[in-house]
Amino acid sequence: MHDFLKDFKNLVKGEKVRTDNNVFKLHYRFSVIILIVFSILLSSKQYFGDPILCDADTNKEYFDVYCWVYSTFIVVDPIPDKYKQSNKLDGLGNEQGRESYSLLYYQWICLFFCIQALLFYIPRYLWKIWEGDRLGEMLRDLCGPFVPEKWTTSYKEHMRTYILNNENHDVFAYRFAFCEFLNLCNLVLQTILMNFYLEGKFLSYGFEVASKPWPMAFHAVFPKRAKCNFTKYGVSGSNESRDMLCILPLNILNEKFFLILWYWILFMFVVTVSALIYRFMFLGLQRFRMYLLMAQVRNLNRNKMQTLAKYLSHGQFFLLYNIGKNINPVIYKELLLSIYDYLHIKADISIDL
C-alpha cells in the first residue's frame with residue numbers, strides 16, 4: 001500500500017527515468033488528475049454550496065438530508081415546440097402523458113470519479129511492479145547533459161552484456177504491450193460504466209449537446225430542479241404526504257464535467273488505438289525499428305542501424321530503445337556502437353561501410 005501511495009504521488013512531480021510513453025501518461029497521469037480535480041470540486045461546499053436545496057418551511061436541513069439520501073424525481077420545464085422530440089418527455093408525474101423516474105446518480109458522483117481514477121491508474125501500477133525500476137538502477141547518473149565518470153569501458157560492456165544476454169527482455173516488452181492493451185480495455189469499461197451510471201444517456205451525450213441548444217441537452221440528463229416526496233405519520237396516526245421542489249446546484253458542474261469526459265474519452269480512444277498500432281509495428285517490423293533508431297541517433301550509419309534492428313530480439317530492442325529515451329545522447333551512441341561491434345564479431349556479419 002505504501003508503494004502504491006508513493007507511485008501515486010509521482011503523478012504531479014514526474015519521474016527522472018521514463019519507462020513508458022506519452023500516451024501511457026495520458027491515461028495514468030492526466031486522466032487521473034482530471035477525475036480527482038472533478039471530485040474535489042464537487043465535494044467543496046465552500047465554493048459551490050450545498051448539493052441540494054429544498055423548499056421546506058421548517059426543519060430545512062432535515063428535509064434537505066432526507067431528499068438527498070432518498071433521491072428525487074425529475075422535473076422538466078415545458079419546452080418550445082421546435083425543440084420537442086417524438087419520444088415522451090420526463091417530468092413530475094404521469095400527467096399529460098409524461099413519465100417520471102428517480103435520480104439515483106448524483107449522491108455518488110464524487111465516489112464514482114475516484115473509482116474511475118483508480119481504474120485509469122491500475123495498468124500503470126501493474127507496469128511499475130513488473131518493471132521493478134530496472135531502468136532506474138541501470139541509468140542512474142547517466143541521464144544528465146554531461147558524460148559522468150561512471151561511464152567507463154567496463155560499465156559500457158556490463159550494460160551491453162545485460163542487454164544482449166538476458167532472456168527475460170521479451171517478457172518485459174510483452175508485459176508493457178499488455179498494459180497498453182489494458183488501457184484500451186479500461187476505456188471500454190469506463191464508457192460502459194458511465195453509460196450505465198447515466199441510464200443509457202452517456203454514449204450520445206456529446207452528440208446531443210452538439211446538435212441541440214445546450215440548456216435543452218443538459219436538462220435532459222442533468223436537471224437542475226427535482227421533486228421530493230416526504231411521508232410521515234401525523235398526529236392522528238394517518239400518513240401525511242408532502243411534496244417539495246428541490247434545486248440541484250451541483251448539476252451545473254456535473255453537466256460540464258461529463259461533457260469534458262465524453263470528449264476526453266473519445267480523444268483517448270483515438271490515441272490509444274494509434275499507440276497499439278504503433279506497438280504492433282514496433283514488435284513486428286524490422287524496418288520500422290530501424291527508423292526509430294535513426295530518429296534517436298542521427299549521425300550513425302544506416303547499415304549499422306539495420307543490423308541492430310535485425311539481430312536484436314523484441315525485448316532487447318525494447319529495452320535499448322527505452323534506454324535511448326533517457327540517457328545522454330553521446331553515451332547512447334557509444335552503447336549502440338559497442339553492441340553493433342559485438343554482433344558484428346559474433347555473427348560474422350558482412351556489411352558494406
# chains A, B, ... in the order shown; residues from 1 in each chain; ligands from 1
$ residues_around --residues "Asn299 of chain A" --least-positions-apart "4" --cutoff "10 Å" --atoms "only C-alpha atoms" --output "list in words"
Met294, Ala295 and Lys333 of chain A
$ write_last_selection --atoms "N, CA, C and O atoms" --output "PDB file, in the first residue's frame"
ATOM      1  N   MET A 294      17.162   5.493 -36.051  1.00  0.00           N
ATOM      2  CA  MET A 294      17.681   6.624 -36.818  1.00  0.00           C
ATOM      3  C   MET A 294      17.140   7.944 -36.284  1.00  0.00           C
ATOM      4  O   MET A 294      17.819   8.969 -36.334  1.00  0.00           O
ATOM      5  N   ALA A 295      15.917   7.927 -35.752  1.00  0.00           N
ATOM      6  CA  ALA A 295      15.361   9.139 -35.159  1.00  0.00           C
ATOM      7  C   ALA A 295      16.042   9.479 -33.844  1.00  0.00           C
ATOM      8  O   ALA A 295      16.158  10.653 -33.475  1.00  0.00           O
ATOM      9  N   LYS A 333      25.009   6.697 -28.103  1.00  0.00           N
ATOM     10  CA  LYS A 333      25.665   6.375 -29.374  1.00  0.00           C
ATOM     11  C   LYS A 333      26.823   5.401 -29.157  1.00  0.00           C
ATOM     12  O   LYS A 333      26.997   4.443 -29.926  1.00  0.00           O
TER      13      LYS A 333
END
$ closest_residue --among "A:Leu283, A:Ile34, A:Leu261, A:Val209" --to "Gln190 of chain A" --atoms "only C-alpha atoms"
A:Leu261
$ closest_atom_pairs --of "segment 234-322 of chain A" --to "segment 136-146 of chain A" --cutoff "12 Å" --atoms "only C-alpha atoms" --output "Markdown table"
| residue | atom | partner | partner_atom | distance |
| --- | --- | --- | --- | --- |
| A:Leu319 | CA | A:Met138 | CA | 11.0 |
| A:Leu320 | CA | A:Leu139 | CA | 11.5 |
| A:Asn322 | CA | A:Leu139 | CA | 10.6 |
$ select_by_dssp --residues "segment 96-291 of chain A" --states "alpha helix (DSSP H)" --output "short mmCIF file (atom, residue, chain, number, x, y, z; two decimals) with N, CA, C and O atoms, in the first residue's frame"
data_model
loop_
_atom_site.label_atom_id
_atom_site.label_comp_id
_atom_site.auth_asym_id
_atom_site.auth_seq_id
_atom_site.Cartn_x
_atom_site.Cartn_y
_atom_site.Cartn_z
N ILE A 109 -21.52 10.74 -7.34
CA ILE A 109 -20.65 11.18 -8.43
C ILE A 109 -19.21 11.37 -7.95
O ILE A 109 -18.25 10.99 -8.64
N CYS A 110 -19.01 11.95 -6.77
CA CYS A 110 -17.65 12.14 -6.24
C CYS A 110 -16.93 10.80 -6.10
O CYS A 110 -15.78 10.65 -6.53
N LEU A 111 -17.62 9.82 -5.51
CA LEU A 111 -17.03 8.49 -5.35
C LEU A 111 -16.82 7.82 -6.70
O LEU A 111 -15.81 7.14 -6.92
N PHE A 112 -17.76 8.03 -7.62
CA PHE A 112 -17.65 7.44 -8.95
C PHE A 112 -16.41 7.95 -9.68
O PHE A 112 -15.69 7.18 -10.33
N PHE A 113 -16.14 9.25 -9.57
CA PHE A 113 -14.95 9.82 -10.20
C PHE A 113 -13.67 9.23 -9.58
O PHE A 113 -12.68 8.98 -10.29
N CYS A 114 -13.67 9.01 -8.29
CA CYS A 114 -12.50 8.42 -7.63
C CYS A 114 -12.27 6.98 -8.11
O CYS A 114 -11.12 6.56 -8.32
N ILE A 115 -13.36 6.21 -8.27
CA ILE A 115 -13.23 4.84 -8.78
C ILE A 115 -12.70 4.87 -10.21
O ILE A 115 -11.84 4.05 -10.59
N GLN A 116 -13.17 5.81 -11.02
CA GLN A 116 -12.65 5.94 -12.37
C GLN A 116 -11.15 6.25 -12.37
O GLN A 116 -10.39 5.69 -13.17
N ALA A 117 -10.74 7.15 -11.48
CA ALA A 117 -9.31 7.49 -11.39
C ALA A 117 -8.48 6.25 -11.03
O ALA A 117 -7.40 6.03 -11.58
N LEU A 118 -9.00 5.45 -10.11
CA LEU A 118 -8.30 4.22 -9.72
C LEU A 118 -8.18 3.26 -10.90
O LEU A 118 -7.12 2.66 -11.13
N LEU A 119 -9.24 3.12 -11.69
CA LEU A 119 -9.21 2.23 -12.85
C LEU A 119 -8.20 2.71 -13.89
O LEU A 119 -7.51 1.90 -14.53
N PHE A 120 -8.09 4.02 -14.06
CA PHE A 120 -7.10 4.55 -15.00
C PHE A 120 -5.67 4.28 -14.52
O PHE A 120 -4.75 4.19 -15.34
N TYR A 121 -5.49 4.18 -13.24
CA TYR A 121 -4.13 4.02 -12.70
C TYR A 121 -3.68 2.56 -12.61
O TYR A 121 -2.48 2.29 -12.52
N ILE A 122 -4.61 1.61 -12.66
CA ILE A 122 -4.26 0.21 -12.46
C ILE A 122 -3.22 -0.29 -13.47
O ILE A 122 -2.25 -0.96 -13.08
N PRO A 123 -3.36 -0.04 -14.80
CA PRO A 123 -2.30 -0.51 -15.73
C PRO A 123 -0.92 0.05 -15.40
O PRO A 123 0.08 -0.66 -15.51
N ARG A 124 -0.88 1.31 -15.00
CA ARG A 124 0.39 1.91 -14.61
C ARG A 124 0.98 1.20 -13.39
O ARG A 124 2.19 0.93 -13.33
N TYR A 125 0.14 0.89 -12.42
CA TYR A 125 0.60 0.23 -11.21
C TYR A 125 1.16 -1.16 -11.52
O TYR A 125 2.21 -1.56 -10.99
N LEU A 126 0.48 -1.90 -12.41
CA LEU A 126 0.98 -3.20 -12.83
C LEU A 126 2.33 -3.08 -13.53
O LEU A 126 3.25 -3.87 -13.28
N TRP A 127 2.45 -2.08 -14.40
CA TRP A 127 3.71 -1.91 -15.13
C TRP A 127 4.85 -1.55 -14.18
O TRP A 127 5.98 -2.02 -14.35
N LYS A 128 4.58 -0.73 -13.18
CA LYS A 128 5.62 -0.37 -12.23
C LYS A 128 6.10 -1.60 -11.45
O LYS A 128 7.29 -1.74 -11.15
N ILE A 129 5.18 -2.50 -11.12
CA ILE A 129 5.56 -3.72 -10.41
C ILE A 129 6.42 -4.60 -11.32
O ILE A 129 7.47 -5.12 -10.92
N TRP A 130 5.98 -4.77 -12.56
CA TRP A 130 6.72 -5.64 -13.49
C TRP A 130 8.05 -5.03 -13.91
O TRP A 130 9.02 -5.74 -14.10
N GLU A 131 8.09 -3.72 -14.05
CA GLU A 131 9.33 -3.07 -14.47
C GLU A 131 10.38 -3.11 -13.36
O GLU A 131 11.58 -3.27 -13.62
N ARG A 134 14.15 -1.36 -13.05
CA ARG A 134 15.40 -1.85 -13.63
C ARG A 134 16.10 -0.76 -14.44
O ARG A 134 17.33 -0.65 -14.43
N LEU A 135 15.31 0.07 -15.15
CA LEU A 135 15.92 1.16 -15.91
C LEU A 135 16.50 2.22 -14.98
O LEU A 135 17.56 2.79 -15.25
N GLY A 136 15.80 2.50 -13.90
CA GLY A 136 16.30 3.48 -12.95
C GLY A 136 17.63 3.09 -12.35
O GLY A 136 18.54 3.92 -12.20
N GLU A 137 17.76 1.80 -11.99
CA GLU A 137 19.02 1.32 -11.43
C GLU A 137 20.13 1.33 -12.48
O GLU A 137 21.28 1.66 -12.19
N MET A 138 19.79 0.94 -13.71
CA MET A 138 20.80 0.86 -14.75
C MET A 138 21.30 2.23 -15.20
O MET A 138 22.48 2.41 -15.49
N THR A 153 34.68 2.01 -19.86
CA THR A 153 34.61 0.88 -20.80
C THR A 153 34.01 -0.36 -20.14
O THR A 153 33.20 -1.07 -20.74
N SER A 154 34.40 -0.59 -18.89
CA SER A 154 33.86 -1.76 -18.19
C SER A 154 32.37 -1.64 -17.93
O SER A 154 31.62 -2.62 -18.06
N TYR A 155 31.91 -0.43 -17.59
CA TYR A 155 30.47 -0.26 -17.35
C TYR A 155 29.70 -0.37 -18.66
O TYR A 155 28.59 -0.93 -18.70
N LYS A 156 30.29 0.13 -19.76
CA LYS A 156 29.64 0.00 -21.07
C LYS A 156 29.50 -1.46 -21.46
O LYS A 156 28.45 -1.89 -21.95
N GLU A 157 30.54 -2.25 -21.22
CA GLU A 157 30.48 -3.67 -21.52
C GLU A 157 29.48 -4.39 -20.62
O GLU A 157 28.81 -5.33 -21.05
N HIS A 158 29.40 -3.92 -19.38
CA HIS A 158 28.43 -4.51 -18.46
C HIS A 158 26.99 -4.27 -18.94
O HIS A 158 26.16 -5.19 -18.93
N MET A 159 26.70 -3.05 -19.39
CA MET A 159 25.37 -2.75 -19.91
C MET A 159 25.10 -3.54 -21.19
O MET A 159 23.99 -4.06 -21.39
N ARG A 160 26.10 -3.64 -22.06
CA ARG A 160 25.93 -4.39 -23.30
C ARG A 160 25.63 -5.86 -23.00
O ARG A 160 24.75 -6.48 -23.62
N THR A 161 26.35 -6.43 -22.05
CA THR A 161 26.13 -7.83 -21.69
C THR A 161 24.72 -8.04 -21.14
O THR A 161 24.05 -9.04 -21.46
N TYR A 162 24.29 -7.11 -20.30
CA TYR A 162 22.94 -7.23 -19.74
C TYR A 162 21.88 -7.16 -20.82
O TYR A 162 20.91 -7.93 -20.82
N ILE A 163 22.04 -6.25 -21.76
CA ILE A 163 21.05 -6.08 -22.82
C ILE A 163 20.99 -7.31 -23.73
O ILE A 163 19.90 -7.76 -24.12
N LEU A 164 22.15 -7.90 -24.05
CA LEU A 164 22.19 -8.98 -25.04
C LEU A 164 21.98 -10.37 -24.46
O LEU A 164 21.53 -11.27 -25.17
N ASN A 165 22.29 -10.56 -23.20
CA ASN A 165 22.29 -11.91 -22.65
C ASN A 165 21.09 -12.25 -21.77
O ASN A 165 20.91 -13.41 -21.43
N HIS A 169 13.95 -10.22 -21.41
CA HIS A 169 13.59 -8.95 -22.03
C HIS A 169 12.32 -9.06 -22.88
O HIS A 169 11.56 -8.10 -22.97
N ASP A 170 12.12 -10.21 -23.52
CA ASP A 170 10.91 -10.38 -24.33
C ASP A 170 9.66 -10.30 -23.44
O ASP A 170 8.66 -9.68 -23.79
N VAL A 171 9.73 -10.94 -22.29
CA VAL A 171 8.60 -10.86 -21.33
C VAL A 171 8.40 -9.42 -20.90
O VAL A 171 7.26 -8.94 -20.77
N PHE A 172 9.50 -8.72 -20.70
CA PHE A 172 9.47 -7.30 -20.32
C PHE A 172 8.72 -6.47 -21.37
O PHE A 172 7.84 -5.66 -21.04
N ALA A 173 9.01 -6.72 -22.65
CA ALA A 173 8.37 -5.96 -23.73
C ALA A 173 6.90 -6.33 -23.86
O ALA A 173 6.04 -5.45 -24.04
N TYR A 174 6.59 -7.61 -23.78
CA TYR A 174 5.19 -8.04 -23.95
C TYR A 174 4.32 -7.61 -22.78
O TYR A 174 3.12 -7.37 -22.94
N ARG A 175 4.89 -7.49 -21.62
CA ARG A 175 4.12 -7.01 -20.46
C ARG A 175 3.72 -5.55 -20.65
O ARG A 175 2.60 -5.15 -20.30
N PHE A 176 4.64 -4.76 -21.21
CA PHE A 176 4.28 -3.37 -21.46
C PHE A 176 3.19 -3.28 -22.53
O PHE A 176 2.26 -2.47 -22.41
N ALA A 177 3.29 -4.10 -23.59
CA ALA A 177 2.25 -4.12 -24.61
C ALA A 177 0.91 -4.54 -23.99
O ALA A 177 -0.15 -4.02 -24.37
N PHE A 178 0.95 -5.49 -23.06
CA PHE A 178 -0.27 -5.91 -22.38
C PHE A 178 -0.88 -4.77 -21.57
O PHE A 178 -2.10 -4.59 -21.55
N CYS A 179 -0.04 -3.98 -20.90
CA CYS A 179 -0.54 -2.83 -20.14
C CYS A 179 -1.16 -1.79 -21.07
O CYS A 179 -2.15 -1.15 -20.72
N GLU A 180 -0.57 -1.61 -22.25
CA GLU A 180 -1.17 -0.70 -23.22
C GLU A 180 -2.53 -1.21 -23.68
O GLU A 180 -3.47 -0.43 -23.87
N PHE A 181 -2.64 -2.52 -23.85
CA PHE A 181 -3.93 -3.11 -24.20
C PHE A 181 -4.93 -2.95 -23.06
O PHE A 181 -6.13 -2.72 -23.29
N LEU A 182 -4.45 -3.06 -21.82
CA LEU A 182 -5.32 -2.83 -20.66
C LEU A 182 -5.87 -1.41 -20.66
O LEU A 182 -7.02 -1.18 -20.22
N ASN A 183 -5.07 -0.45 -21.11
CA ASN A 183 -5.56 0.93 -21.21
C ASN A 183 -6.77 1.02 -22.13
O ASN A 183 -7.74 1.72 -21.84
N LEU A 184 -6.70 0.31 -23.26
CA LEU A 184 -7.83 0.31 -24.18
C LEU A 184 -9.04 -0.39 -23.55
O LEU A 184 -10.18 0.11 -23.66
N CYS A 185 -8.81 -1.52 -22.89
CA CYS A 185 -9.91 -2.21 -22.20
C CYS A 185 -10.53 -1.33 -21.13
O CYS A 185 -11.75 -1.33 -20.93
N ASN A 186 -9.69 -0.56 -20.44
CA ASN A 186 -10.20 0.34 -19.40
C ASN A 186 -11.10 1.41 -20.00
O ASN A 186 -12.12 1.78 -19.41
N LEU A 187 -10.74 1.94 -21.18
CA LEU A 187 -11.59 2.94 -21.83
C LEU A 187 -12.95 2.36 -22.18
O LEU A 187 -13.98 3.02 -22.00
N VAL A 188 -12.96 1.13 -22.67
CA VAL A 188 -14.24 0.47 -22.97
C VAL A 188 -15.06 0.30 -21.70
O VAL A 188 -16.26 0.58 -21.66
N LEU A 189 -14.40 -0.17 -20.63
CA LEU A 189 -15.08 -0.35 -19.36
C LEU A 189 -15.61 0.97 -18.81
O LEU A 189 -16.74 1.04 -18.31
N GLN A 190 -14.80 2.02 -18.89
CA GLN A 190 -15.22 3.34 -18.40
C GLN A 190 -16.46 3.83 -19.16
O GLN A 190 -17.39 4.38 -18.57
N THR A 191 -16.47 3.62 -20.47
CA THR A 191 -17.61 4.05 -21.27
C THR A 191 -18.87 3.29 -20.88
O THR A 191 -19.95 3.88 -20.73
N ILE A 192 -18.73 1.98 -20.68
CA ILE A 192 -19.89 1.17 -20.28
C ILE A 192 -20.39 1.60 -18.90
O ILE A 192 -21.61 1.73 -18.68
N LEU A 193 -19.48 1.83 -17.97
CA LEU A 193 -19.88 2.23 -16.62
C LEU A 193 -20.59 3.58 -16.62
O LEU A 193 -21.62 3.75 -15.97
N MET A 194 -20.05 4.56 -17.34
CA MET A 194 -20.67 5.88 -17.36
C MET A 194 -22.02 5.85 -18.08
O MET A 194 -22.96 6.54 -17.67
N ASN A 195 -22.12 5.03 -19.11
CA ASN A 195 -23.41 4.91 -19.80
C ASN A 195 -24.44 4.25 -18.90
O ASN A 195 -25.61 4.66 -18.85
N PHE A 196 -24.02 3.23 -18.16
CA PHE A 196 -24.92 2.58 -17.19
C PHE A 196 -25.27 3.53 -16.06
O PHE A 196 -26.42 3.59 -15.61
N TYR A 197 -24.29 4.29 -15.60
CA TYR A 197 -24.49 5.22 -14.49
C TYR A 197 -25.49 6.32 -14.84
O TYR A 197 -26.29 6.73 -13.99
N TYR A 205 -24.29 11.53 -25.41
CA TYR A 205 -24.32 12.82 -24.70
C TYR A 205 -23.64 13.93 -25.48
O TYR A 205 -24.18 15.02 -25.66
N GLY A 206 -22.43 13.67 -25.96
CA GLY A 206 -21.70 14.68 -26.71
C GLY A 206 -22.42 15.08 -27.99
O GLY A 206 -22.46 16.27 -28.35
N PHE A 207 -23.01 14.09 -28.68
CA PHE A 207 -23.75 14.40 -29.91
C PHE A 207 -25.00 15.21 -29.60
O PHE A 207 -25.36 16.12 -30.35
N GLU A 208 -25.67 14.88 -28.51
CA GLU A 208 -26.88 15.61 -28.13
C GLU A 208 -26.56 17.07 -27.81
O GLU A 208 -27.29 17.97 -28.23
N VAL A 209 -25.48 17.29 -27.09
CA VAL A 209 -25.10 18.66 -26.75
C VAL A 209 -24.72 19.44 -28.00
O VAL A 209 -25.01 20.63 -28.13
N ALA A 210 -24.04 18.76 -28.93
CA ALA A 210 -23.61 19.44 -30.16
C ALA A 210 -24.77 19.74 -31.10
O ALA A 210 -24.73 20.73 -31.84
N SER A 211 -25.82 18.91 -31.07
CA SER A 211 -26.91 19.07 -32.02
C SER A 211 -28.08 19.87 -31.48
O SER A 211 -28.91 20.35 -32.25
N TRP A 214 -27.70 24.04 -25.84
CA TRP A 214 -27.10 23.48 -24.63
C TRP A 214 -28.06 23.36 -23.45
O TRP A 214 -28.08 22.34 -22.79
N PRO A 215 -28.87 24.35 -23.14
CA PRO A 215 -29.77 24.18 -21.99
C PRO A 215 -30.69 22.99 -22.15
O PRO A 215 -30.99 22.28 -21.18
N MET A 216 -31.20 22.73 -23.37
CA MET A 216 -32.11 21.62 -23.58
C MET A 216 -31.39 20.28 -23.42
O MET A 216 -31.88 19.35 -22.79
N ALA A 217 -30.20 20.17 -24.02
CA ALA A 217 -29.46 18.91 -23.97
C ALA A 217 -29.00 18.60 -22.54
O ALA A 217 -29.08 17.46 -22.08
N PHE A 218 -28.51 19.60 -21.82
CA PHE A 218 -28.07 19.39 -20.44
C PHE A 218 -29.24 19.04 -19.54
O PHE A 218 -29.13 18.18 -18.67
N HIS A 219 -30.38 19.69 -19.78
CA HIS A 219 -31.51 19.50 -18.88
C HIS A 219 -32.05 18.08 -18.96
O HIS A 219 -32.59 17.56 -17.98
N ALA A 220 -31.93 17.44 -20.11
CA ALA A 220 -32.45 16.08 -20.26
C ALA A 220 -31.65 15.08 -19.44
O ALA A 220 -32.19 14.04 -19.04
N VAL A 221 -30.37 15.33 -19.19
CA VAL A 221 -29.53 14.39 -18.45
C VAL A 221 -29.25 14.87 -17.03
O VAL A 221 -29.26 14.08 -16.09
N ASN A 251 -25.51 20.01 -10.37
CA ASN A 251 -25.69 19.54 -11.73
C ASN A 251 -25.19 20.55 -12.76
O ASN A 251 -24.95 20.20 -13.92
N ILE A 252 -25.05 21.80 -12.34
CA ILE A 252 -24.43 22.79 -13.22
C ILE A 252 -22.99 22.40 -13.52
O ILE A 252 -22.48 22.59 -14.63
N LEU A 253 -22.32 21.81 -12.52
CA LEU A 253 -20.96 21.31 -12.72
C LEU A 253 -20.96 19.94 -13.38
O LEU A 253 -20.15 19.67 -14.27
N ASN A 254 -21.87 19.07 -12.94
CA ASN A 254 -21.88 17.71 -13.47
C ASN A 254 -22.06 17.67 -14.98
O ASN A 254 -21.42 16.88 -15.67
N GLU A 255 -22.94 18.53 -15.50
CA GLU A 255 -23.18 18.52 -16.93
C GLU A 255 -21.93 18.90 -17.71
O GLU A 255 -21.66 18.35 -18.79
N LYS A 256 -21.14 19.83 -17.17
CA LYS A 256 -19.90 20.23 -17.85
C LYS A 256 -18.82 19.16 -17.68
O LYS A 256 -18.07 18.88 -18.63
N PHE A 257 -18.74 18.58 -16.48
CA PHE A 257 -17.71 17.57 -16.23
C PHE A 257 -17.90 16.36 -17.13
O PHE A 257 -16.94 15.84 -17.72
N PHE A 258 -19.13 15.87 -17.24
CA PHE A 258 -19.37 14.70 -18.07
C PHE A 258 -19.22 15.01 -19.55
O PHE A 258 -18.85 14.13 -20.33
N LEU A 259 -19.49 16.25 -19.94
CA LEU A 259 -19.24 16.62 -21.34
C LEU A 259 -17.73 16.60 -21.62
O LEU A 259 -17.30 16.11 -22.68
N ILE A 260 -16.93 17.13 -20.69
CA ILE A 260 -15.48 17.09 -20.85
C ILE A 260 -15.00 15.64 -20.91
O ILE A 260 -14.16 15.28 -21.75
N LEU A 261 -15.55 14.79 -20.04
CA LEU A 261 -15.15 13.38 -20.04
C LEU A 261 -15.55 12.69 -21.34
O LEU A 261 -14.81 11.82 -21.84
N TRP A 262 -16.69 13.06 -21.91
CA TRP A 262 -17.13 12.44 -23.17
C TRP A 262 -16.12 12.71 -24.27
O TRP A 262 -15.69 11.80 -24.99
N TYR A 263 -15.72 13.98 -24.41
CA TYR A 263 -14.74 14.32 -25.44
C TYR A 263 -13.36 13.78 -25.10
O TYR A 263 -12.58 13.40 -26.00
N TRP A 264 -13.02 13.73 -23.82
CA TRP A 264 -11.72 13.20 -23.41
C TRP A 264 -11.63 11.70 -23.71
O TRP A 264 -10.61 11.21 -24.22
N ILE A 265 -12.69 10.96 -23.41
CA ILE A 265 -12.71 9.52 -23.69
C ILE A 265 -12.61 9.28 -25.19
O ILE A 265 -11.89 8.37 -25.65
N LEU A 266 -13.31 10.08 -25.98
CA LEU A 266 -13.24 9.94 -27.44
C LEU A 266 -11.81 10.18 -27.92
O LEU A 266 -11.28 9.42 -28.75
N PHE A 267 -11.18 11.24 -27.41
CA PHE A 267 -9.79 11.53 -27.78
C PHE A 267 -8.86 10.40 -27.35
O PHE A 267 -7.96 9.99 -28.10
N MET A 268 -9.08 9.86 -26.15
CA MET A 268 -8.23 8.79 -25.64
C MET A 268 -8.38 7.51 -26.46
O MET A 268 -7.42 6.76 -26.64
N PHE A 269 -9.59 7.23 -26.96
CA PHE A 269 -9.78 6.08 -27.83
C PHE A 269 -8.89 6.20 -29.08
O PHE A 269 -8.23 5.24 -29.49
N VAL A 270 -8.88 7.38 -29.67
CA VAL A 270 -8.11 7.59 -30.90
C VAL A 270 -6.62 7.40 -30.65
O VAL A 270 -5.94 6.66 -31.38
N VAL A 271 -6.09 8.05 -29.62
CA VAL A 271 -4.64 7.98 -29.38
C VAL A 271 -4.24 6.60 -28.86
O VAL A 271 -3.12 6.13 -29.15
N THR A 272 -5.11 5.91 -28.12
CA THR A 272 -4.76 4.59 -27.60
C THR A 272 -4.72 3.56 -28.70
O THR A 272 -3.82 2.70 -28.75
N VAL A 273 -5.70 3.60 -29.60
CA VAL A 273 -5.68 2.68 -30.74
C VAL A 273 -4.46 2.96 -31.61
O VAL A 273 -3.80 2.02 -32.09
N SER A 274 -4.13 4.24 -31.80
CA SER A 274 -2.93 4.59 -32.57
C SER A 274 -1.68 4.05 -31.89
O SER A 274 -0.75 3.56 -32.56
N ALA A 275 -1.63 4.13 -30.55
CA ALA A 275 -0.47 3.61 -29.81
C ALA A 275 -0.35 2.10 -29.94
O ALA A 275 0.77 1.56 -30.02
N LEU A 276 -1.48 1.39 -29.98
CA LEU A 276 -1.43 -0.06 -30.14
C LEU A 276 -0.96 -0.44 -31.54
O LEU A 276 -0.21 -1.41 -31.71
N ILE A 277 -1.40 0.31 -32.55
CA ILE A 277 -0.90 0.07 -33.91
C ILE A 277 0.62 0.30 -33.96
O ILE A 277 1.37 -0.48 -34.57
N TYR A 278 1.06 1.37 -33.30
CA TYR A 278 2.50 1.64 -33.22
C TYR A 278 3.22 0.49 -32.53
O TYR A 278 4.31 0.07 -32.95
N ARG A 279 2.63 -0.07 -31.46
CA ARG A 279 3.28 -1.16 -30.73
C ARG A 279 3.38 -2.41 -31.59
O ARG A 279 4.41 -3.11 -31.56
N PHE A 280 2.34 -2.72 -32.37
CA PHE A 280 2.41 -3.88 -33.25
C PHE A 280 3.51 -3.70 -34.31
O PHE A 280 4.23 -4.65 -34.63
N MET A 281 3.64 -2.50 -34.84
CA MET A 281 4.70 -2.22 -35.81
C MET A 281 6.07 -2.30 -35.13
O MET A 281 7.04 -2.80 -35.71
N PHE A 282 6.14 -1.84 -33.90
CA PHE A 282 7.39 -1.87 -33.13
C PHE A 282 7.85 -3.31 -32.94
O PHE A 282 9.04 -3.63 -33.07
N LEU A 283 6.91 -4.19 -32.61
CA LEU A 283 7.26 -5.57 -32.32
C LEU A 283 7.45 -6.42 -33.57
O LEU A 283 8.17 -7.42 -33.53
N GLY A 284 6.82 -6.03 -34.67
CA GLY A 284 6.80 -6.91 -35.82
C GLY A 284 7.58 -6.47 -37.04
O GLY A 284 7.87 -7.30 -37.90
N GLN A 286 10.97 -4.92 -38.71
CA GLN A 286 12.37 -4.57 -38.51
C GLN A 286 12.69 -3.19 -39.10
O GLN A 286 13.43 -2.41 -38.50
N ARG A 287 12.15 -2.91 -40.26
CA ARG A 287 12.42 -1.61 -40.88
C ARG A 287 11.90 -0.47 -40.02
O ARG A 287 12.54 0.60 -39.91
N PHE A 288 10.75 -0.67 -39.39
CA PHE A 288 10.19 0.36 -38.51
C PHE A 288 11.10 0.60 -37.32
O PHE A 288 11.33 1.74 -36.91
N ARG A 289 11.66 -0.47 -36.76
CA ARG A 289 12.58 -0.33 -35.63
C ARG A 289 13.86 0.39 -36.07
O ARG A 289 14.44 1.16 -35.30
N MET A 290 14.30 0.14 -37.30
CA MET A 290 15.48 0.83 -37.81
C MET A 290 15.23 2.34 -37.87
O MET A 290 16.09 3.14 -37.48
N TYR A 291 14.05 2.73 -38.35
CA TYR A 291 13.73 4.15 -38.43
C TYR A 291 13.64 4.79 -37.04
O TYR A 291 13.99 5.96 -36.86
#
$ atom_distance --atom1 "atom CA of Trp108 of chain A" --atom2 "atom CA of Val23 of chain A"
29.2 Å
$ select_by_dssp --residues "segment 164-338 of chain A" --states "strand (DSSP E)" --output "list of chain:residue names"
A:Arg225, A:Ala226, A:Lys227, A:Cys228, A:Asn229, A:Phe230, A:Thr231, A:Lys232, A:Tyr233, A:Asn239, A:Glu240, A:Ser241, A:Arg242, A:Asp243, A:Met244, A:Leu245, A:Cys246, A:Ile247
$ closest_residue --among "A:Tyr321, A:Phe30, A:Phe38, A:Trp68" --to "Asn229 of chain A" --atoms "only C-alpha atoms"
A:Trp68
$ closest_residue --among "A:Phe24, A:Tyr311, A:Tyr66, A:Phe222" --to "Leu343 of chain A" --atoms "only C-alpha atoms"
A:Tyr311
$ residues_around --residues "Phe230 of chain A" --least-positions-apart "2" --cutoff "9 Å" --atoms "only C-alpha atoms" --output "list in words"
Phe63, Tyr66, Cys67, Cys228, Lys232, Glu240, Ser241, Arg242, Asp243 and Met244 of chain A
